[in-house]
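With compact mmCIF, C-alpha atoms inside, this is query-v1.txt:
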```
# COMPACT_ATOMS: atom_id res chain seq x y z
CA MET E 1 0.00 0.00 0.00
CA SER E 2 1.53 3.34 -1.03
CA TYR E 3 1.66 6.26 1.37
CA LEU E 4 -0.93 8.04 -0.76
CA ASP E 5 -3.31 5.13 -0.30
CA VAL E 6 -2.67 5.29 3.43
CA LEU E 7 -3.35 9.01 3.38
CA LYS E 8 -6.58 8.44 1.51
CA GLU E 9 -7.66 5.93 4.09
CA GLN E 10 -6.78 8.30 6.92
CA PHE E 11 -9.02 10.88 5.28
CA ASN E 12 -11.78 8.27 5.12
CA ASN E 13 -11.49 8.21 1.31
CA GLN E 14 -12.71 11.81 1.12
CA ILE E 15 -9.65 13.00 -0.79
CA ALA E 16 -8.17 12.57 -4.24
CA PHE E 17 -5.04 13.64 -6.07
CA GLN E 18 -4.72 15.49 -9.33
CA GLU E 19 -1.39 15.55 -11.14
CA LYS E 20 -0.58 19.24 -11.56
CA ARG E 21 2.86 18.70 -13.10
CA PRO E 22 5.16 15.70 -13.22
CA GLY E 23 6.11 15.06 -9.61
CA VAL E 24 3.55 17.50 -8.26
CA LEU E 25 0.16 16.35 -7.03
CA GLN E 26 -2.64 18.69 -6.04
CA LEU E 27 -4.62 17.49 -3.07
CA ILE E 28 -8.38 17.46 -3.51
CA ALA E 29 -9.71 17.56 0.04
CA PRO E 30 -12.80 19.09 1.63
CA LEU E 31 -10.86 22.05 2.98
CA TYR E 32 -12.23 25.34 1.69
CA HIS E 33 -11.64 29.06 1.85
CA GLU E 34 -14.58 31.28 2.83
CA ASP E 35 -15.31 32.07 -0.82
CA GLY E 36 -15.82 28.39 -1.62
CA ASP E 37 -12.49 27.75 -3.34
CA MET E 38 -10.60 24.73 -2.19
CA ILE E 39 -7.41 25.40 -0.26
CA ASP E 40 -4.49 24.92 -2.65
CA ILE E 41 -2.29 22.16 -1.27
CA PHE E 42 0.33 20.39 -3.34
CA LEU E 43 2.48 17.36 -2.62
CA GLU E 44 5.97 17.14 -4.07
CA THR E 45 7.43 13.71 -3.72
CA GLY E 46 10.93 14.51 -4.88
CA ASN E 47 11.67 17.84 -3.23
CA GLY E 48 11.65 17.17 0.48
CA GLN E 49 14.95 16.40 2.14
CA GLY E 50 15.84 12.88 3.26
CA GLY E 51 13.04 11.03 1.51
CA LYS E 52 10.46 13.43 2.84
CA THR E 53 7.42 14.66 0.99
CA ARG E 54 6.94 18.39 0.65
CA ILE E 55 3.51 19.84 1.34
CA CYS E 56 3.35 23.30 -0.20
CA ASP E 57 1.12 25.91 -1.80
CA TYR E 58 3.31 27.42 -4.55
CA GLY E 59 2.52 30.89 -3.29
CA MET E 60 -1.23 30.54 -3.73
CA THR E 61 -1.96 31.57 -0.15
CA LEU E 62 -0.07 34.85 -0.37
CA MET E 63 -1.49 35.43 -3.84
CA ARG E 64 -5.00 35.07 -2.43
CA LEU E 65 -4.20 37.25 0.57
CA SER E 66 -2.85 39.96 -1.73
CA TYR E 67 -6.30 40.45 -3.31
CA SER E 68 -7.14 42.66 -0.36
CA PHE E 69 -4.12 42.77 1.95
CA ASP E 70 -0.40 43.33 1.56
CA ILE E 71 2.29 42.28 4.00
CA ASP E 72 4.06 45.58 3.63
CA THR E 73 5.05 46.62 7.14
CA GLU E 74 7.40 45.21 9.75
CA ASN E 75 4.51 44.49 12.04
CA LYS E 76 2.61 42.53 9.42
CA GLU E 77 5.80 40.62 8.56
CA ARG E 78 6.24 39.79 12.21
CA ILE E 79 2.69 38.45 12.54
CA PHE E 80 3.05 36.49 9.30
CA HIS E 81 6.28 34.82 10.40
CA ARG E 82 4.87 34.14 13.82
CA ILE E 83 1.91 32.27 12.32
CA LEU E 84 4.32 30.22 10.22
CA ALA E 85 6.69 29.52 13.10
CA GLU E 86 3.92 28.50 15.48
CA ASN E 87 2.62 26.08 12.88
CA GLN E 88 6.09 24.87 11.91
CA ILE E 89 5.67 26.00 8.33
CA GLY E 90 8.58 27.20 6.21
CA GLU E 91 8.53 29.88 3.54
CA ASP E 92 10.63 30.22 0.42
CA LYS E 93 9.94 33.21 -1.87
CA GLY E 94 6.27 33.15 -0.97
CA ASN E 95 5.94 29.39 -1.17
CA LEU E 96 4.66 28.01 2.13
CA TYR E 97 5.87 24.47 2.75
CA VAL E 98 6.54 21.76 5.25
CA ASP E 99 8.66 18.66 4.66
CA VAL E 100 7.42 15.50 6.33
CA LYS E 101 8.04 11.79 6.26
CA PRO E 102 5.33 10.01 4.28
CA GLU E 103 3.84 8.48 7.41
CA GLY E 104 3.39 11.94 8.92
CA LEU E 105 1.43 13.39 6.01
CA TYR E 106 -2.03 13.25 7.55
CA PRO E 107 -1.43 15.47 10.61
CA ALA E 108 0.94 17.68 8.62
CA ILE E 109 -1.69 18.38 5.95
CA LEU E 110 -4.24 19.35 8.59
CA GLN E 111 -1.67 21.58 10.28
CA PHE E 112 -0.71 23.09 6.93
CA ALA E 113 -4.34 23.82 6.05
CA GLN E 114 -4.80 25.50 9.40
CA ALA E 115 -1.75 27.70 8.83
CA VAL E 116 -3.01 28.63 5.36
CA ALA E 117 -6.38 29.63 6.86
CA LYS E 118 -4.65 31.78 9.47
CA VAL E 119 -2.45 33.53 6.92
CA THR E 120 -5.46 34.11 4.66
CA ASN E 121 -7.33 35.63 7.59
CA MET E 122 -4.61 38.22 8.06
CA ARG E 123 -6.87 40.33 5.84
CA LEU E 124 -8.93 40.87 8.99
CA TYR E 125 -6.05 42.92 10.38
CA LYS E 126 -6.72 45.57 7.75
CA ARG E 127 -6.60 49.01 9.25
CA GLU E 128 -10.08 49.82 8.05
CA ILE E 129 -11.46 46.81 9.89
CA ILE E 130 -9.37 47.24 13.02
CA GLN E 131 -10.43 50.89 13.15
CA SER E 132 -13.98 49.81 13.80
CA LEU E 133 -12.78 48.82 17.26
CA PHE E 134 -12.59 52.52 18.14
CA TYR E 135 -16.05 52.65 19.71
CA GLU E 136 -15.47 49.41 21.61
CA LEU E 137 -12.16 50.72 22.97
CA LEU E 138 -13.77 54.02 23.91
CA ALA E 139 -16.60 52.21 25.70
CA GLU E 140 -14.11 49.96 27.48
CA PHE E 141 -12.12 52.94 28.77
CA ILE E 142 -15.23 54.81 29.92
CA GLU E 143 -16.66 51.80 31.72
CA GLU E 144 -13.35 50.97 33.39
CA SER E 145 -11.90 54.38 34.21
CA LEU E 146 -14.76 56.88 34.32
CA ARG E 147 -17.28 54.82 36.24
CA ASN E 148 -17.18 57.30 39.14
CA PHE E 149 -18.62 60.01 36.92
CA ASN E 150 -21.86 58.08 36.32
CA PRO E 151 -21.70 57.42 32.59
CA ARG E 152 -24.98 56.57 30.86
CA PRO E 153 -24.64 55.26 27.29
CA SER E 154 -26.91 56.33 24.47
CA THR E 155 -29.10 59.11 25.84
CA PHE E 156 -31.50 61.46 24.06
CA PRO E 157 -31.55 64.86 25.81
CA ILE E 158 -34.43 66.15 23.65
CA GLU E 159 -37.24 63.66 24.12
CA SER E 160 -38.90 64.39 20.80
CA ARG E 161 -35.63 64.03 18.84
CA ASP E 162 -34.49 60.43 18.66
CA ASP E 163 -32.06 61.40 15.92
CA LEU E 164 -29.93 63.42 18.32
CA GLU E 165 -28.13 60.83 20.36
CA VAL E 166 -25.40 61.34 22.92
CA ASP E 167 -22.94 58.46 23.10
CA TYR E 168 -22.34 58.91 26.84
CA GLN E 169 -23.98 61.26 29.28
CA PHE E 170 -22.13 61.90 32.55
CA ASP E 171 -24.43 63.22 35.26
CA ILE E 172 -22.03 65.46 37.12
CA LYS E 173 -22.50 68.88 38.62
CA PRO E 174 -22.73 71.70 37.87
CA ARG E 175 -23.63 70.59 34.35
CA PRO E 176 -23.84 67.14 32.74
CA VAL E 177 -21.22 66.24 30.15
CA PHE E 178 -22.37 64.93 26.81
CA LEU E 179 -19.63 62.89 25.19
CA PHE E 180 -19.44 61.98 21.50
CA GLY E 181 -17.03 59.48 19.96
CA VAL E 182 -16.08 60.59 16.45
CA ARG E 183 -14.44 58.29 13.97
CA ASP E 184 -15.21 59.96 10.66
CA ASN E 185 -16.64 63.03 8.94
CA ALA E 186 -20.23 61.76 9.07
CA LYS E 187 -20.09 61.30 12.83
CA ALA E 188 -18.36 64.67 13.24
CA ARG E 189 -21.28 66.35 11.46
CA LEU E 190 -23.84 64.51 13.57
CA ALA E 191 -22.03 65.50 16.78
CA THR E 192 -21.87 69.11 15.59
CA ILE E 193 -25.59 69.24 14.74
CA SER E 194 -26.47 67.59 18.06
CA CYS E 195 -24.43 70.11 20.06
CA LEU E 196 -26.00 73.05 18.22
CA GLU E 197 -29.54 71.70 18.67
CA PHE E 198 -28.97 71.11 22.39
CA GLN E 199 -27.65 74.66 22.71
CA ARG E 200 -30.65 76.00 20.80
CA SER E 201 -32.96 74.14 23.19
CA LYS E 202 -31.09 75.77 26.09
CA ILE E 203 -30.16 72.46 27.67
CA PRO E 204 -27.44 73.00 30.25
CA PHE E 205 -24.50 70.76 29.34
CA LYS E 206 -20.87 70.62 28.36
CA SER E 207 -19.88 68.75 25.23
CA PHE E 208 -16.79 66.56 24.99
CA VAL E 209 -15.68 64.97 21.75
CA VAL E 210 -13.22 62.09 21.55
CA HIS E 211 -11.79 61.69 18.07
CA GLU E 212 -10.24 58.61 16.65
CA ASP E 213 -7.97 60.87 14.63
CA PHE E 214 -8.81 64.57 14.53
CA GLU E 215 -6.32 65.22 11.72
CA ASN E 216 -8.11 62.72 9.54
CA LEU E 217 -11.30 64.79 9.40
CA GLY E 218 -11.98 67.14 6.54
CA ARG E 219 -10.93 70.76 7.06
CA LYS E 220 -14.51 72.10 7.19
CA ASP E 221 -15.64 69.33 9.53
CA ARG E 222 -12.73 70.12 11.84
CA SER E 223 -13.63 73.80 12.05
CA ARG E 224 -17.39 73.14 12.46
CA ILE E 225 -16.94 70.72 15.33
CA THR E 226 -14.29 72.91 16.97
CA SER E 227 -16.76 75.77 16.94
CA ALA E 228 -19.60 73.66 18.41
CA ALA E 229 -17.86 71.51 21.03
CA ASP E 230 -16.57 72.67 24.43
CA LYS E 231 -13.67 70.23 24.69
CA GLN E 232 -12.06 67.88 22.23
CA PHE E 233 -9.58 65.03 22.59
CA VAL E 234 -7.67 64.60 19.36
CA SER E 235 -7.27 60.83 19.75
CA LEU E 236 -8.25 57.97 21.99
CA ASP E 237 -4.74 58.03 23.46
CA ASP E 238 -5.19 61.71 24.29
CA PHE E 239 -8.48 60.88 26.02
CA ARG E 240 -6.92 58.01 27.94
CA GLU E 241 -4.10 60.26 29.07
CA ASN E 242 -6.07 63.39 29.98
CA GLY E 243 -9.71 62.33 30.23
CA ILE E 244 -9.82 61.48 33.93
CA GLN E 245 -8.12 64.73 34.91
CA THR E 246 -10.53 66.73 32.75
CA PHE E 247 -13.55 65.05 34.34
CA GLU E 248 -12.14 65.64 37.80
CA ARG E 249 -11.84 69.34 37.01
CA GLU E 250 -15.41 69.44 35.70
CA ALA E 251 -16.76 67.75 38.81
CA ALA E 252 -14.74 69.82 41.27
CA MET T 1 -4.50 40.96 -11.30
CA ARG T 2 -2.33 38.03 -10.30
CA ILE T 3 -0.66 35.16 -12.12
CA ASN T 4 1.01 32.41 -10.17
CA ALA T 5 4.70 32.25 -11.06
CA ARG T 6 4.78 28.46 -11.18
CA PHE T 7 1.38 27.69 -12.64
CA GLN T 8 0.29 30.14 -15.31
CA GLU T 9 -3.23 28.74 -15.29
CA ASN T 10 -3.64 29.85 -11.67
CA PHE T 11 -4.59 33.46 -12.26
CA SER T 12 -6.97 35.91 -10.75
CA ILE T 13 -8.44 39.24 -11.87
CA GLY T 14 -10.76 40.97 -9.47
CA LEU T 15 -12.70 44.12 -8.75
CA GLU T 16 -12.92 45.25 -5.12
CA TYR T 17 -15.44 47.83 -3.94
CA LEU T 18 -14.24 50.15 -1.19
CA PRO T 19 -17.34 51.76 0.33
CA LYS T 20 -16.85 55.27 1.66
CA ASP T 21 -19.23 54.92 4.57
CA GLU T 22 -18.32 51.40 5.69
CA ARG T 23 -15.19 49.64 6.77
CA GLY T 24 -13.38 47.08 4.65
CA SER T 25 -14.02 46.14 1.06
CA LEU T 26 -16.02 43.62 -0.87
CA CYS T 27 -15.24 41.66 -3.98
CA LEU T 28 -17.71 42.44 -6.75
CA LEU T 29 -16.23 40.17 -9.39
CA ARG T 30 -13.26 37.87 -9.64
CA CYS T 31 -12.19 35.84 -12.64
CA ASN T 32 -10.16 32.78 -11.69
CA GLY T 33 -8.36 30.26 -13.77
CA PRO T 34 -8.76 26.51 -13.25
CA HIS T 35 -6.67 26.44 -10.09
CA GLY T 36 -8.71 23.88 -8.24
CA ILE T 37 -12.08 22.72 -7.09
CA PHE T 38 -14.61 25.25 -5.90
CA LEU T 39 -18.00 25.17 -4.27
CA GLY T 40 -20.65 26.67 -6.48
CA ASN T 41 -24.28 25.84 -6.96
CA PRO T 42 -25.42 23.85 -3.89
CA ALA T 43 -27.09 21.40 -6.26
CA VAL T 44 -23.67 20.65 -7.72
CA PRO T 45 -21.52 20.57 -4.61
CA GLN T 46 -18.18 19.91 -6.23
CA GLN T 47 -17.11 21.52 -9.44
CA HIS T 48 -14.00 20.31 -11.16
CA PHE T 49 -10.94 22.19 -12.34
CA LEU T 50 -12.53 24.85 -14.54
CA PRO T 51 -12.11 28.58 -15.06
CA HIS T 52 -14.66 30.16 -12.79
CA LEU T 53 -16.15 33.44 -11.65
CA HIS T 54 -16.89 34.74 -8.22
CA LYS T 55 -19.59 37.41 -8.14
CA ALA T 56 -20.92 39.35 -5.17
CA LYS T 57 -24.40 38.06 -4.34
CA PRO T 58 -26.99 39.89 -2.23
CA GLU T 59 -27.99 36.66 -0.46
CA ASN T 60 -24.41 36.15 0.72
CA ILE T 61 -24.23 39.70 2.05
CA THR T 62 -27.57 39.25 3.84
CA LEU T 63 -26.31 36.07 5.49
CA GLY T 64 -23.03 37.70 6.50
CA LEU T 65 -21.00 35.45 4.21
CA ARG T 66 -18.19 36.52 1.94
CA PRO T 67 -20.06 38.40 -0.82
CA GLU T 68 -18.31 36.41 -3.56
CA LYS T 69 -18.79 33.02 -1.91
CA GLY T 70 -19.56 30.31 -4.46
CA GLY T 71 -17.97 30.11 -7.85
CA GLU T 72 -19.61 29.50 -11.18
CA ALA T 73 -17.87 27.74 -14.01
CA THR T 74 -17.43 29.81 -17.14
CA ARG T 75 -16.57 29.24 -20.78
CA GLU T 76 -15.87 32.92 -21.35
CA TYR T 77 -12.12 32.42 -21.09
CA VAL T 78 -9.51 29.73 -20.71
CA SER T 79 -6.36 31.82 -20.35
CA TYR T 80 -5.26 34.95 -18.52
CA PRO T 81 -5.31 37.24 -21.61
CA GLN T 82 -8.80 36.07 -22.46
CA ALA T 83 -9.91 36.53 -18.86
CA LEU T 84 -8.53 40.07 -18.89
CA VAL T 85 -10.52 40.96 -22.02
CA TYR T 86 -13.65 39.41 -20.54
CA PHE T 87 -13.11 41.19 -17.23
CA LEU T 88 -12.59 44.62 -18.79
CA LYS T 89 -15.67 44.19 -20.97
CA THR T 90 -17.79 42.94 -18.08
CA ILE T 91 -16.95 45.81 -15.77
CA ARG T 92 -17.33 48.17 -18.74
CA VAL T 93 -13.97 49.88 -18.73
CA THR T 94 -14.37 52.38 -21.54
CA ASN T 95 -10.74 53.49 -21.74
CA ALA T 96 -9.03 50.12 -21.35
CA GLU T 97 -6.67 50.94 -24.25
CA GLU T 98 -5.05 53.68 -22.15
CA PHE T 99 -3.95 51.19 -19.55
CA PHE T 100 -3.66 48.02 -21.64
CA PRO T 101 -2.31 49.29 -24.97
CA ASN T 102 -2.68 46.00 -26.84
CA ILE T 103 -5.98 44.94 -25.40
CA GLY T 104 -7.90 45.69 -28.62
CA GLN T 105 -5.43 43.68 -30.64
CA LEU T 106 -5.59 40.90 -28.10
CA SER T 107 -9.33 40.80 -28.44
CA LEU T 108 -9.08 40.51 -32.23
CA ASN T 109 -6.51 37.76 -31.96
CA LEU T 110 -8.71 35.89 -29.60
CA GLU T 111 -11.60 36.08 -32.02
CA LYS T 112 -9.33 34.66 -34.70
CA GLU T 113 -8.18 31.96 -32.33
CA ASP T 114 -11.77 31.06 -31.60
CA GLN T 115 -12.56 30.87 -35.31
CA ASN T 116 -9.51 28.69 -35.96
CA HIS T 117 -10.51 26.49 -33.09
CA GLU T 118 -14.01 26.08 -34.46
CA LEU T 119 -12.65 25.31 -37.94
CA SER T 120 -10.29 22.70 -36.65
```
Before anything else, please render the file you have as structure tokens.
Amino acid sequence: MSYLDVLKEQFNNQIAFQEKRPGVLQLIAPLYHEDGDMIDIFLETGNGQGGKTRICDYGMTLMRLSYSFDIDTENKERIFHRILAENQIGEDKGNLYVDVKPEGLYPAILQFAQAVAKVTNMRLYKREIIQSLFYELLAEFIEESLRNFNPRPSTFPIESRDDLEVDYQFDIKPRPVFLFGVRDNAKARLATISCLEFQRSKIPFKSFVVHEDFENLGRKDRSRITSAADKQFVSLDDFRENGIQTFEREAA
Amino acid sequence: MRINARFQENFSIGLEYLPKDERGSLCLLRCNGPHGIFLGNPAVPQQHFLPHLHKAKPENITLGLRPEKGGEATREYVSYPQALVYFLKTIRVTNAEEFFPNIGQLSLNLEKEDQNHELS
């Protein structure tokens, strides 16, 4: 019985092999990417060292990843190599591989597929996606560090206006603080309109704005919100560093 | 646009949409070569090695799946140059010649190739 037959048996006969090139077999196994394409796994019988078989992808994983994500920073490189190292996968000019003795193919293929899935999912580290954590991080900081100032999430100071929402209301004296988290131009405009409407309705309050990145807003949005808000923190780091002190001064 | 260095038939040409008001991107269309098996129509669970297309589908988006999940086999192209012509036509690039100077010629050649193929 050849090692490929053994492998087939180990996979409960749910796999097959397709000759891609002489000496290179493509593994047909029920291991899929999220888009429905099968994970590209090849077996090279002659290339592994010491009679080993090489399991590899011929760069298909990085090619797929590059549709929407580039490993173009030191940090991304570090994460990429860490995934490979933790899964004992080698890399040669973009080709992910692992050399194994024929009898070790079954666990190695599963491990290899897992590593490929992890590398492919590096696309989830995209800045645009990570950025969406801004509101969660802001909420986490408020709930952990500003609890003493009685934060209330999602309040509507004008009862008849459910479109004018305050992200966090802090019921402190002499005036409550209305806090807005701002990640983009759209939210900056909404915060500006809300502040102006609350002022027009003569609601006593102070408005705080925490930006994800103030410099990233459009010029006009920056000036409008600066004119409407009482206090702004230019970044979440700025808020973390100075927020508590500012609240203490307000409540004094 | 990607072509695998080792296997020329493993290519990919895709169009990603980057929404202004939402995070991330979504694949509207991707033309793949016959790089492997893909899941397509649920009634035909396993397709074989064929050139195939991935298109964004509303039902996938509604279900929170990858928009382009599920491939469909195509006879529109069998090689990368043909796929490129098909792709540019499908997404209606009106000034493709500016960026792909020989694309018009390529298209003509392909038509000739097709005719020769039919004759043979």
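Across the model, the gap from atom CA of Arg64 of chain E to atom CA of Gln14 of chain E is 24.8 Å.
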Would you list which chain E residues are within 8 Å of chain T using all atoms listed in the file, as a CSV table (one decimal) with C-alpha atoms, in the coordinates of the input?
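Saved result, result.csv, follows:
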```csv
chain,number,residue,atom,x,y,z
E,28,ILE,CA,-8.4,17.5,-3.5
E,32,TYR,CA,-12.2,25.3,1.7
E,34,GLU,CA,-14.6,31.3,2.8
E,35,ASP,CA,-15.3,32.1,-0.8
E,36,GLY,CA,-15.8,28.4,-1.6
E,37,ASP,CA,-12.5,27.8,-3.3
E,38,MET,CA,-10.6,24.7,-2.2
E,40,ASP,CA,-4.5,24.9,-2.6
E,58,TYR,CA,3.3,27.4,-4.6
E,59,GLY,CA,2.5,30.9,-3.3
E,60,MET,CA,-1.2,30.5,-3.7
E,63,MET,CA,-1.5,35.4,-3.8
E,67,TYR,CA,-6.3,40.4,-3.3
E,68,SER,CA,-7.1,42.7,-0.4
E,126,LYS,CA,-6.7,45.6,7.8
E,128,GLU,CA,-10.1,49.8,8.0
E,129,ILE,CA,-11.5,46.8,9.9
E,132,SER,CA,-14.0,49.8,13.8
```
Shell around segment 77-84 of chain E at 12 Å using only C-alpha atoms, local window under 4 positions removed, as a ChimeraX atom specification: /E:61-62,65,70-73,88-92,94-98,111-123,125
Hey, can I get the axis-aligned box for segment 173-178 of chain E? All listed atoms, 3 Å padding on each side, centre and edge lengths in Å to one decimal, as lines of an AutoDock Vina configuration file.
```
center_x = -22.5
center_y = 68.3
center_z = 32.7
size_x = 8.6
size_y = 12.8
size_z = 17.8
```
Separation of atom CA of Phe17 of chain E from atom CA of Leu29 of chain T, in Å and rounded to one decimal: 29.0 Å
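Coordinates place atom CA of Pro176 of chain E at a distance of 15.3 Å from atom CA of Ile142 of chain E.
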Polymer residues at most 10 Å from Gln10 of chain E, only C-alpha atoms, same-chain spacing of 6 or more positions, as a ChimeraX atom specification: /E:4,105-107
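Residues surrounding Ala73 of chain T within 7 Å are Leu50, Pro51, His52 and Leu53 of chain T [only C-alpha atoms; sequence separation below 4 positions excluded].
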Residues near Ala186 of chain E, anyone? I mean within 10 Å using only C-alpha atoms, not counting same-chain ones fewer than 5 positions away, as a PDB file with C-alpha atoms, in the coordinates of the input.
```pdb
ATOM      1  CA  ALA E 191     -22.030  65.500  16.780  1.00  0.00           C
ATOM      2  CA  THR E 192     -21.870  69.110  15.590  1.00  0.00           C
ATOM      3  CA  LEU E 217     -11.300  64.790   9.400  1.00  0.00           C
ATOM      4  CA  ASP E 221     -15.640  69.330   9.530  1.00  0.00           C
TER       5      ASP E 221
ATOM      6  CA  ASP T  21     -19.230  54.920   4.570  1.00  0.00           C
TER       7      ASP T  21
END
```
